[in-house]
$ cat data37.cif   # mmCIF, C-alpha atoms
data_final
loop_
_atom_site.label_atom_id
_atom_site.label_comp_id
_atom_site.auth_asym_id
_atom_site.auth_seq_id
_atom_site.Cartn_x
_atom_site.Cartn_y
_atom_site.Cartn_z
CA MET A 1 0.00 0.00 0.00
CA ASN A 2 1.10 3.58 -0.60
CA GLY A 3 1.45 4.19 3.12
CA PRO A 4 3.81 6.17 5.34
CA GLN A 5 6.38 3.36 5.37
CA ASP A 6 6.91 3.73 1.63
CA SER A 7 8.92 6.95 1.72
CA GLY A 8 12.05 6.00 -0.21
CA GLY A 9 13.09 9.02 -2.29
CA MET A 10 11.56 11.70 -0.06
CA THR A 11 14.12 14.37 0.78
CA SER A 12 12.29 16.48 3.36
CA PHE A 13 12.88 14.59 6.62
CA GLY A 14 16.09 16.44 7.39
CA ALA A 15 19.59 15.24 8.14
CA VAL A 16 20.56 11.85 9.52
CA VAL A 17 21.60 12.31 13.14
CA PRO A 18 23.88 9.54 14.37
CA GLU A 19 24.23 9.30 18.16
CA ALA A 20 27.67 8.63 19.61
CA ASN A 21 27.85 5.67 22.00
CA GLU A 22 24.19 4.92 21.53
CA PRO A 23 22.73 2.48 24.08
CA VAL A 24 20.88 -0.61 22.82
CA PHE A 25 17.71 0.74 24.43
CA HIS A 26 17.05 4.35 25.47
CA GLU A 27 14.22 3.53 27.87
CA LEU A 28 13.34 0.46 29.87
CA TRP A 29 9.91 0.23 28.21
CA GLU A 30 11.56 -0.08 24.79
CA ALA A 31 13.34 -3.22 25.90
CA ARG A 32 10.17 -4.66 27.42
CA ALA A 33 8.21 -3.78 24.25
CA LEU A 34 10.73 -5.50 21.98
CA ALA A 35 10.78 -8.61 24.17
CA LEU A 36 6.98 -8.70 24.50
CA GLY A 37 6.63 -8.61 20.73
CA ILE A 38 9.03 -11.49 20.19
CA ALA A 39 7.46 -13.50 23.02
CA ALA A 40 3.91 -12.88 21.77
CA ASP A 41 4.85 -14.16 18.30
CA ALA A 42 4.96 -17.62 19.90
CA ALA A 43 1.15 -17.50 20.14
CA GLY A 44 1.24 -18.33 16.41
CA LEU A 45 -1.67 -16.03 15.52
CA TRP A 46 0.12 -13.88 12.93
CA ASN A 47 3.28 -13.76 10.79
CA THR A 48 5.95 -11.17 9.94
CA ASP A 49 4.06 -9.90 6.90
CA ILE A 50 0.82 -9.42 8.83
CA VAL A 51 2.72 -7.49 11.52
CA ARG A 52 4.39 -5.25 8.93
CA HIS A 53 1.07 -4.57 7.23
CA VAL A 54 -0.56 -3.57 10.51
CA ARG A 55 2.33 -1.14 11.19
CA GLU A 56 1.85 0.37 7.74
CA LEU A 57 -1.81 1.09 8.52
CA THR A 58 -0.69 3.63 11.13
CA PRO A 59 -1.80 7.10 9.92
CA PRO A 60 1.15 8.83 8.19
CA VAL A 61 1.64 11.79 10.53
CA THR A 62 1.55 9.48 13.56
CA TYR A 63 3.87 6.96 11.89
CA TRP A 64 6.45 9.55 10.93
CA GLU A 65 6.55 11.02 14.41
CA MET A 66 6.45 7.81 16.41
CA ASN A 67 9.30 6.02 18.08
CA TYR A 68 10.07 2.68 16.39
CA TYR A 69 9.21 0.65 19.47
CA GLU A 70 5.94 2.52 19.88
CA ILE A 71 4.91 1.59 16.32
CA ARG A 72 5.89 -2.00 17.05
CA VAL A 73 4.04 -2.36 20.33
CA ASN A 74 0.92 -0.58 19.07
CA SER A 75 0.73 -2.95 16.11
CA HIS A 76 1.11 -5.97 18.37
CA ILE A 77 -1.62 -4.62 20.65
CA LYS A 78 -3.93 -4.19 17.64
CA LEU A 79 -3.29 -7.79 16.61
CA MET A 80 -3.76 -9.16 20.12
CA ILE A 81 -7.11 -7.39 20.41
CA ASP A 82 -8.13 -8.45 16.91
CA ARG A 83 -7.22 -12.09 17.63
CA GLY A 84 -9.12 -12.10 20.93
CA MET A 85 -6.07 -12.47 23.18
CA ILE A 86 -6.82 -9.29 25.11
CA THR A 87 -9.36 -6.47 25.16
CA GLU A 88 -8.77 -2.73 25.24
CA ALA A 89 -10.59 -2.60 28.59
CA GLU A 90 -8.16 -5.15 30.01
CA LEU A 91 -5.25 -3.12 28.75
CA VAL A 92 -6.59 0.03 30.38
CA SER A 93 -7.10 -1.76 33.70
CA GLY A 94 -3.91 -3.84 33.36
CA SER A 95 -5.66 -7.00 34.54
CA MET A 96 -7.65 -9.93 33.19
CA GLN A 97 -11.38 -9.58 32.65
CA VAL A 98 -12.01 -12.37 30.15
CA PRO A 99 -10.36 -15.81 30.15
CA PRO A 100 -7.34 -16.36 27.86
CA ARG A 101 -7.95 -17.86 24.44
CA PRO A 102 -6.03 -20.93 23.25
CA VAL A 103 -2.68 -20.14 21.59
CA LYS A 104 -0.18 -22.30 19.71
CA GLY A 105 2.64 -21.81 22.19
CA VAL A 106 4.30 -19.81 24.92
CA LEU A 107 7.97 -18.80 24.75
CA THR A 108 9.65 -19.95 27.96
CA ALA A 109 13.04 -18.67 29.09
CA GLU A 110 14.72 -22.04 28.36
CA LYS A 111 13.51 -21.97 24.75
CA VAL A 112 14.76 -18.44 23.94
CA PRO A 113 18.27 -19.32 22.68
CA ALA A 114 16.99 -22.08 20.39
CA VAL A 115 14.09 -20.01 19.07
CA LEU A 116 16.36 -17.06 18.25
CA ALA A 117 18.97 -19.35 16.66
CA LYS A 118 16.35 -20.96 14.46
CA GLY A 119 14.68 -17.74 13.38
CA ASN A 120 11.98 -17.75 10.73
CA PRO A 121 13.48 -18.67 7.36
CA ALA A 122 11.34 -17.41 4.48
CA SER A 123 12.61 -19.85 1.83
CA ARG A 124 10.11 -22.52 0.75
CA GLU A 125 10.19 -25.41 -1.69
CA SER A 126 8.15 -24.76 -4.81
CA ASN A 127 7.57 -26.31 -8.24
CA ARG A 128 7.11 -22.95 -9.88
CA PRO A 129 9.18 -22.48 -13.03
CA GLN A 130 11.84 -19.77 -12.77
CA LEU A 131 11.12 -17.06 -15.33
CA PHE A 132 14.31 -14.98 -15.07
CA VAL A 133 18.05 -15.54 -14.73
CA ALA A 134 20.92 -13.25 -13.81
CA GLY A 135 21.56 -10.73 -16.58
CA ASP A 136 17.90 -10.50 -17.69
CA ARG A 137 16.42 -7.07 -18.10
CA VAL A 138 13.11 -6.68 -16.31
CA ARG A 139 10.53 -3.98 -15.78
CA THR A 140 8.77 -3.71 -12.42
CA ARG A 141 5.02 -3.60 -12.64
CA ASN A 142 3.38 -0.26 -12.11
CA GLN A 143 1.25 -1.57 -9.26
CA HIS A 144 -0.25 0.18 -6.26
CA PRO A 145 -2.17 -2.44 -4.29
CA ARG A 146 -4.37 -1.45 -1.35
CA GLY A 147 -2.86 -4.32 0.65
CA HIS A 148 0.74 -5.05 1.65
CA THR A 149 3.54 -5.14 -0.90
CA ARG A 150 7.33 -4.97 -0.82
CA LEU A 151 7.71 -3.18 -4.13
CA PRO A 152 8.32 0.43 -3.12
CA ARG A 153 6.70 3.19 -5.13
CA TYR A 154 10.06 4.63 -6.12
CA ALA A 155 10.93 1.43 -7.98
CA SER A 156 7.53 0.85 -9.55
CA GLY A 157 7.41 0.77 -13.36
CA LYS A 158 11.22 0.89 -13.69
CA ILE A 159 13.71 -1.09 -15.74
CA GLY A 160 16.47 -3.00 -14.01
CA GLU A 161 18.70 -6.04 -14.33
CA ILE A 162 18.52 -9.31 -12.41
CA VAL A 163 21.79 -9.74 -10.52
CA SER A 164 21.02 -12.81 -8.39
CA VAL A 165 18.40 -15.44 -7.72
CA HIS A 166 17.51 -16.52 -4.16
CA GLY A 167 15.14 -19.44 -4.74
CA THR A 168 11.48 -19.33 -3.80
CA HIS A 169 10.38 -17.37 -0.73
CA VAL A 170 7.10 -16.65 1.07
CA PHE A 171 5.25 -14.00 -0.95
CA PRO A 172 4.44 -11.12 1.45
CA ASP A 173 1.59 -9.66 -0.63
CA CYS A 174 -0.33 -12.90 -0.08
CA SER A 175 0.99 -13.83 3.35
CA ALA A 176 0.14 -10.43 4.86
CA LEU A 177 -3.52 -10.99 4.03
CA GLY A 178 -3.51 -14.37 5.78
CA LEU A 179 -4.08 -16.08 2.43
CA GLY A 180 -1.15 -18.50 2.64
CA GLU A 181 2.52 -18.36 1.77
CA ASP A 182 2.30 -18.74 -2.04
CA PRO A 183 6.11 -19.06 -2.48
CA GLN A 184 7.50 -17.11 -5.44
CA TRP A 185 10.93 -16.70 -7.02
CA LEU A 186 12.93 -13.97 -5.36
CA TYR A 187 15.53 -11.97 -7.25
CA THR A 188 17.92 -9.14 -6.52
CA VAL A 189 17.34 -6.50 -9.19
CA SER A 190 19.76 -3.65 -9.85
CA PHE A 191 18.54 -0.23 -11.02
CA THR A 192 20.69 2.69 -12.09
CA ALA A 193 20.33 6.03 -10.32
CA ALA A 194 19.61 7.39 -13.80
CA GLU A 195 16.60 5.09 -14.21
CA LEU A 196 15.16 5.78 -10.74
CA TRP A 197 16.07 9.41 -10.22
CA GLY A 198 17.25 10.85 -13.53
CA LYS A 199 20.78 11.25 -12.23
CA SER A 200 23.90 10.80 -14.25
CA ALA A 201 25.86 9.14 -11.45
CA ARG A 202 27.10 5.59 -11.92
CA ASP A 203 25.51 4.67 -8.61
CA THR A 204 23.02 1.81 -8.46
CA ILE A 205 20.20 0.75 -6.15
CA GLN A 206 19.50 -2.93 -5.54
CA LEU A 207 16.15 -4.33 -4.38
CA ASP A 208 14.99 -7.85 -3.57
CA LEU A 209 11.84 -8.42 -5.61
CA TRP A 210 9.49 -11.35 -6.09
CA GLU A 211 8.65 -12.58 -9.57
CA PRO A 212 5.04 -11.28 -9.59
CA TYR A 213 6.47 -7.75 -9.39
CA LEU A 214 8.45 -8.25 -12.61
CA GLU A 215 7.93 -8.62 -16.32
CA ALA A 216 10.46 -9.12 -19.10
CA ALA A 217 11.86 -5.92 -20.62
CA SER A 218 13.41 -5.89 -24.07
CA MET B 1 25.66 14.41 28.31
CA PRO B 2 24.12 11.81 30.55
CA HIS B 3 21.80 13.24 33.19
CA ASP B 4 21.51 16.47 31.24
CA GLY B 5 18.52 18.35 32.60
CA HIS B 6 17.39 15.39 34.68
CA ASP B 7 18.09 14.25 38.18
CA HIS B 8 18.21 10.49 38.04
CA ASP B 9 19.17 10.01 41.65
CA HIS B 10 15.97 10.98 43.37
CA ASP B 11 13.33 8.61 44.68
CA HIS B 12 11.48 6.72 41.95
CA ASN B 13 9.20 4.88 44.35
CA HIS B 14 6.09 6.93 43.96
CA HIS B 15 3.73 4.68 42.06
CA GLY B 16 5.24 5.09 38.60
CA SER B 17 3.87 8.62 38.32
CA GLU B 18 6.92 9.61 36.27
CA LEU B 19 6.30 7.02 33.57
CA SER B 20 5.27 8.30 30.15
CA PRO B 21 1.92 7.16 28.71
CA ILE B 22 3.68 4.64 26.43
CA ALA B 23 5.78 3.29 29.29
CA LEU B 24 2.62 2.83 31.36
CA ARG B 25 0.87 1.12 28.45
CA VAL B 26 3.74 -1.32 27.94
CA LYS B 27 3.81 -2.04 31.66
CA ALA B 28 0.06 -2.74 31.66
CA LEU B 29 0.45 -4.93 28.58
CA GLU B 30 3.18 -6.98 30.22
CA SER B 31 1.16 -7.53 33.42
CA LEU B 32 -1.86 -8.53 31.39
CA LEU B 33 -0.03 -10.95 29.08
CA VAL B 34 1.71 -12.57 32.03
CA GLU B 35 -1.54 -12.85 34.00
CA LYS B 36 -3.26 -14.47 31.03
CA GLY B 37 -0.42 -16.93 30.61
CA TYR B 38 0.63 -15.84 27.09
CA VAL B 39 4.07 -14.64 28.15
CA ASP B 40 6.74 -15.94 30.53
CA PRO B 41 8.35 -12.91 32.23
CA ALA B 42 11.62 -14.83 32.58
CA ALA B 43 11.71 -15.18 28.78
CA LEU B 44 11.49 -11.39 28.46
CA ASP B 45 14.52 -11.00 30.73
CA VAL B 46 16.50 -13.52 28.68
CA LEU B 47 15.53 -11.81 25.42
CA ILE B 48 16.60 -8.39 26.68
CA ASP B 49 19.85 -9.70 28.11
CA THR B 50 20.58 -11.44 24.81
CA TYR B 51 20.26 -8.26 22.76
CA GLU B 52 21.97 -6.08 25.36
CA THR B 53 24.98 -8.27 26.03
CA LYS B 54 25.34 -11.20 23.61
CA ILE B 55 24.21 -10.19 20.14
CA GLY B 56 25.78 -7.01 18.78
CA PRO B 57 28.23 -5.57 16.25
CA ARG B 58 31.22 -7.32 17.81
CA ASN B 59 29.82 -10.48 16.18
CA GLY B 60 29.93 -8.89 12.74
CA ALA B 61 33.41 -7.52 13.44
CA ARG B 62 34.63 -11.08 13.96
CA VAL B 63 33.13 -12.09 10.62
CA VAL B 64 34.92 -9.20 8.91
CA ALA B 65 38.24 -9.88 10.63
CA ARG B 66 38.07 -13.53 9.57
CA ALA B 67 37.20 -12.50 6.01
CA TRP B 68 40.24 -10.19 5.92
CA SER B 69 42.63 -12.81 7.25
CA ASP B 70 41.37 -16.01 5.65
CA PRO B 71 40.82 -16.02 1.86
CA ALA B 72 39.03 -19.39 2.03
CA PHE B 73 36.56 -17.95 4.53
CA ALA B 74 36.08 -14.86 2.34
CA GLN B 75 35.32 -17.16 -0.58
CA TRP B 76 32.85 -19.13 1.54
CA LEU B 77 31.14 -15.85 2.49
CA LYS B 78 30.73 -15.02 -1.19
CA GLN B 79 29.25 -18.43 -1.97
CA ASP B 80 27.11 -19.08 1.12
CA ALA B 81 27.26 -16.28 3.66
CA THR B 82 24.56 -17.79 5.88
CA ALA B 83 26.57 -20.99 6.39
CA ALA B 84 29.93 -19.25 6.69
CA ILE B 85 28.61 -16.85 9.33
CA ALA B 86 26.84 -19.68 11.17
CA SER B 87 30.21 -21.45 11.43
CA LEU B 88 31.20 -18.65 13.83
CA GLY B 89 27.99 -19.18 15.82
CA TYR B 90 25.91 -16.28 14.47
CA MET B 91 22.56 -17.28 12.99
CA GLY B 92 18.81 -17.11 13.26
CA ARG B 93 16.27 -14.36 13.80
CA GLN B 94 16.70 -11.55 11.25
CA GLY B 95 19.76 -13.25 9.78
CA GLU B 96 18.17 -16.33 8.23
CA HIS B 97 19.34 -15.46 4.70
CA MET B 98 22.65 -13.60 4.71
CA VAL B 99 24.51 -11.97 1.82
CA VAL B 100 27.82 -10.16 2.26
CA LEU B 101 28.98 -7.22 0.16
CA PHE B 102 32.71 -6.59 -0.21
CA ASN B 103 33.72 -2.97 -0.52
CA THR B 104 36.52 -2.26 -2.99
CA PRO B 105 38.19 0.89 -4.34
CA GLU B 106 35.73 0.67 -7.27
CA GLU B 107 32.53 -0.07 -5.34
CA HIS B 108 31.16 1.09 -1.99
CA ASN B 109 28.12 -0.78 -0.65
CA MET B 110 25.62 0.62 1.82
CA VAL B 111 22.48 -0.93 3.24
CA VAL B 112 19.07 0.52 4.04
CA CYS B 113 15.52 -0.71 4.52
CA THR B 114 13.20 1.93 3.12
CA LEU B 115 10.00 0.02 3.97
CA CYS B 116 10.72 -0.85 7.60
CA SER B 117 14.01 -1.37 9.41
CA CYS B 118 15.33 -4.74 8.26
CA TYR B 119 18.82 -5.26 9.68
CA PRO B 120 21.06 -8.31 10.23
CA TRP B 121 20.48 -8.84 13.95
CA PRO B 122 22.74 -11.88 14.58
CA VAL B 123 25.82 -10.00 13.35
CA LEU B 124 25.00 -6.36 14.16
CA GLY B 125 22.46 -6.57 17.01
CA LEU B 126 19.46 -4.27 17.09
CA PRO B 127 19.58 -1.30 14.71
CA PRO B 128 20.52 2.19 15.95
CA VAL B 129 17.80 4.85 16.03
CA TRP B 130 19.06 6.66 12.93
CA TYR B 131 18.78 3.47 10.85
CA LYS B 132 15.09 3.21 11.77
CA ALA B 133 14.35 6.91 11.37
CA MET B 134 12.84 8.50 8.28
CA PRO B 135 15.82 10.69 7.20
CA TYR B 136 18.05 7.65 6.61
CA ARG B 137 15.26 5.42 5.29
CA SER B 138 14.00 7.98 2.79
CA ARG B 139 17.18 9.65 1.52
CA THR B 140 19.71 6.82 1.24
CA VAL B 141 18.25 5.52 -2.01
CA ILE B 142 18.09 8.93 -3.72
CA ASP B 143 21.10 10.71 -2.21
CA PRO B 144 23.56 8.15 -0.82
CA ARG B 145 26.55 10.47 -1.08
CA GLY B 146 24.70 13.20 0.78
CA VAL B 147 23.84 10.74 3.55
CA LEU B 148 27.45 9.51 3.66
CA ALA B 149 28.61 13.11 4.07
CA GLU B 150 26.44 13.36 7.21
CA PHE B 151 28.50 10.45 8.57
CA GLY B 152 31.68 12.27 7.63
CA VAL B 153 32.42 9.92 4.73
CA THR B 154 33.43 11.29 1.34
CA LEU B 155 34.17 8.77 -1.39
CA PRO B 156 36.27 9.38 -4.48
CA GLU B 157 34.07 10.41 -7.43
CA ASP B 158 35.10 7.32 -9.38
CA THR B 159 33.97 4.95 -6.63
CA ALA B 160 30.46 3.76 -7.51
CA VAL B 161 27.95 3.59 -4.67
CA ARG B 162 25.79 0.48 -4.51
CA VAL B 163 22.76 0.93 -2.25
CA TRP B 164 20.94 -2.22 -1.10
CA ASP B 165 17.31 -1.72 -0.07
CA SER B 166 16.43 -4.78 2.08
CA THR B 167 12.93 -5.30 0.71
CA ALA B 168 12.81 -9.08 1.35
CA GLU B 169 14.18 -11.41 4.05
CA ILE B 170 17.74 -11.28 2.68
CA ARG B 171 19.97 -9.48 5.21
CA TYR B 172 23.14 -7.72 4.12
CA LEU B 173 26.48 -7.34 5.86
CA VAL B 174 29.09 -5.02 4.34
CA ILE B 175 32.72 -6.12 4.52
CA PRO B 176 34.62 -2.82 4.63
CA MET B 177 38.00 -2.45 2.95
CA ARG B 178 40.88 -3.61 5.10
CA PRO B 179 42.81 -0.59 6.36
CA ALA B 180 46.31 -0.01 4.98
CA GLY B 181 49.03 -0.91 7.44
CA SER B 182 47.00 -3.67 9.10
CA GLU B 183 49.21 -6.46 7.76
CA GLY B 184 50.38 -8.77 10.48
CA LEU B 185 47.59 -7.92 12.92
CA SER B 186 45.80 -10.79 14.64
CA GLU B 187 42.10 -11.41 13.98
CA GLU B 188 41.33 -9.92 17.36
CA GLN B 189 43.31 -6.78 16.57
CA LEU B 190 41.64 -6.54 13.17
CA ALA B 191 38.16 -6.91 14.70
CA ALA B 192 38.87 -3.88 16.87
CA LEU B 193 39.19 -1.79 13.67
CA VAL B 194 35.74 -2.78 12.46
CA THR B 195 32.98 -0.33 13.42
CA ARG B 196 29.26 -1.05 13.27
CA ASP B 197 28.77 1.71 10.69
CA SER B 198 31.48 0.25 8.46
CA MET B 199 29.39 -2.94 8.27
CA ILE B 200 26.26 -0.98 7.26
CA GLY B 201 28.28 1.01 4.74
CA THR B 202 27.87 4.40 6.43
CA GLY B 203 31.43 4.31 7.70
CA LEU B 204 34.89 2.96 6.96
CA ALA B 205 37.05 0.69 9.07
CA LYS B 206 39.32 2.52 11.51
CA ALA B 207 42.88 3.22 10.46
CA ALA B 208 45.49 0.80 11.79
CA LEU B 209 47.73 2.49 14.35
#

$ encode --input "data37.cif" --output "C-alpha cells"
Amino acid sequence: MNGPQDSGGMTSFGAVVPEANEPVFHELWEARALALGIAADAAGLWNTDIVRHVRELTPPVTYWEMNYYEIRVNSHIKLMIDRGMITEAELVSGSMQVPPRPVKGVLTAEKVPAVLAKGNPASRESNRPQLFVAGDRVRTRNQHPRGHTRLPRYASGKIGEIVSVHGTHVFPDCSALGLGEDPQWLYTVSFTAAELWGKSARDTIQLDLWEPYLEAAS
Amino acid sequence: MPHDGHDHDHDHNHHGSELSPIALRVKALESLLVEKGYVDPAALDVLIDTYETKIGPRNGARVVARAWSDPAFAQWLKQDATAAIASLGYMGRQGEHMVVLFNTPEEHNMVVCTLCSCYPWPVLGLPPVWYKAMPYRSRTVIDPRGVLAEFGVTLPEDTAVRVWDSTAEIRYLVIPMRPAGSEGLSEEQLAALVTRDSMIGTGLAKAAL
C-alpha cells in the first residue's frame, strides 16, 4: 500500500543524526516492548508480513513522528485485540477480565536461545518455473495495491537487471492478508540512479523483488 | 551528556507517576499478558539480556576480521554467507538469509531498509535509532553520497555507490575495505578496527595504528 512506510526518495525529513555511544535501548519500556513482541509471536496467531502490514496502517503523521518501538508495540496490541487475546478494557485496567484464548505456544526462558537461533526462514520449496536468470532485463510492474507489498513506489514501473536469484520465498503480498505463503521466485534486481532518479551518477540501487512484481523488458 | 537536565538520583518509588503514557501502556500490557499466561516474564529478561549483552556488532566484526585474514573464509562468504557466518555461531532471527557485500576501491556498498528497518540482527544486534528513522530510510536511495557526508564519509568520485534496499528477508552485511598498514595484525586486533557503521556502509574501518 502507498502508506507512510513507503517513503524512499523523499528528501524532506532532514539530516541523519547519528548518536555517539548509543545504548541498545534508550528507555526500559523499549526493551520490554521488543521482548513482549518477540514473546507474543509464539502465540502463532500472525506472521511477519501481517505485523508489517498492521504497522503500515498507522496514519502517516503518527507513523512519521512515532518512536520505532511505539509503532511495534501498538501494532502488536492491535493484533492481540483483533485475535481475541486481550481487550482494550483489560489493557486500560492492566488486569484480566475475560479468560485467555487458546494459543499455539508460549515462549519460555529455556527456549529463547533455540528459538532465536532458528529464526523464521522465508525460503520454501516450490515447483514454480523460474522465469528470469541473472543478466535478464526486467521492468517492475506499475502496481499500487491497497494491501501489503514490498515493491516500493520509487521502484515501480522501472527497468532493471537481475543480478542474483535466491530461490522461492514466502510472498508477502499474499501472506500479509492471511491467504497462505504462495512461495514465489525472489531476485535481486539492480537499477541505475539514472533510471530511478534521472541522475547521471554511476551509482546503483538494488532491491529484492518477487517474480510477480516483474515482467520481461526488451 | 548523561543526566543532562534530569536528576536520576531521586526517589522513583512513587507509584510510577513519572512514567510516560507509552511506558505505562507497555507495563500494563506486560502484566496482562503474564496474567493471562501468554508470556513468561523470565523469557522477556532472557531476550533483553541477549540483545543487550550477547548479540551485537562485535559479532559482525569477527566475521569481517576472519574475512580479511582467511581467503578461504572470504570465498565461503561469497558463496554461502549464511553458512559461513553460522560457522562462527551467528545465525537465526533476522539473519536467516545472509549476503555479504565486499567494498573495494571501485565499489562502496551501503544498506538501508526503506519500507521498515530490516537489519542483520545476529551480526550487528538491534539497529541504531538513525537506521530506523525517516531521514536515513528515505534519503539513502536517492542521495547516498549526501547521507554519507552526514556520517563524515566522502568517497572518491570514481567509486560507484551500490545501495541495497532490504525489501525481502535477505539481510546484508558489508565487509569494509581492510585498512592499509593492518598487515600482520591478529584477527582480534583486526576486529577492533571494524565499526558497526562500516558494516552498514555508512562508515569505513578505523585506520590501523

$ resolve_selection --input "data37.cif" --expression "the PyMOL selection byres ((chain A and resi 32) around 12)" --output "VMD selection string"
(chain A and resid 25 to 31 33 to 40 69 to 70 72 to 73) or (chain B and resid 22 to 31 39 41 to 49 51)

$ interface_residues --input "data37.cif" --of "chain B" --to "chain A" --cutoff "7 Å" --atoms "all atoms listed in the file" --output "number ranges by chain"
B: 23, 26, 28-29, 31-32, 35-36, 38-40, 42-44, 46-48, 52, 91-94, 96, 114-116, 126, 130, 132, 134-139, 141-142, 147, 150, 160-169

$ resolve_selection --input "data37.cif" --expression "the PyMOL selection byres ((chain A and resi 49) around 7)" --output "list in words"
Asn47, Thr48, Ile50, Val51, Arg52, His53, Pro172, Ser175 and Ala176 of chain A

$ resolve_selection --input "data37.cif" --expression "the PyMOL selection byres ((chain B and resi 204) around 9)" --output "PyMOL selection string"
chain B and resi 153+176-177+179+194-195+197-199+201-203+205-207

$ atom_distance --input "data37.cif" --atom1 "atom CA of A:Asn2" --atom2 "atom CA of B:Thr140"
19.0 Å

$ residues_near_point --input "data37.cif" --point "(18.8, -4.0, 14.2)" --cutoff "10 Å" --atoms "only C-alpha atoms" --output "list in words"
Val24 of chain A; Tyr51, Gly56, Pro57, Gln94, Ser117, Cys118, Tyr119, Pro120, Trp121, Pro122, Val123, Leu124, Gly125, Leu126, Pro127, Pro128, Val129, Tyr131 and Lys132 of chain B

$ atom_distance --input "data37.cif" --atom1 "atom CA of B:Glu187" --atom2 "atom CA of A:Ala20"
25.3 Å

$ residues_around --input "data37.cif" --residues "B:Phe73" --least-positions-apart "3" --cutoff "12 Å" --atoms "all atoms listed in the file" --output "list in words"
Arg62, Val63, Val64, Ala65, Arg66, Ala67, Trp68, Ser69, Asp70, Trp76, Leu77, Lys78, Gln79, Asp80, Ala81, Ala83, Ala84, Ile85, Ala86, Ser87, Leu88 and Val100 of chain B

$ closest_residue --input "data37.cif" --among "B:Ser20, B:Leu173, B:Lys54, B:Val112" --to "B:Val99" --atoms "only C-alpha atoms"
B:Leu173

$ closest_residue --input "data37.cif" --among "A:Gly180, A:Ser164, A:Phe132, A:Gly147" --to "A:Leu57" --atoms "all atoms listed in the file"
A:Gly147

$ residues_around --input "data37.cif" --residues "A:Arg128" --least-positions-apart "6" --cutoff "12 Å" --atoms "all atoms listed in the file" --output "list in words"
Gly167, Thr168, His169, Asp182, Pro183, Gln184, Trp185, Leu186, Glu211 and Pro212 of chain A

$ atom_distance --input "data37.cif" --atom1 "atom CA of B:Ala191" --atom2 "atom CA of B:Ile175"
11.6 Å
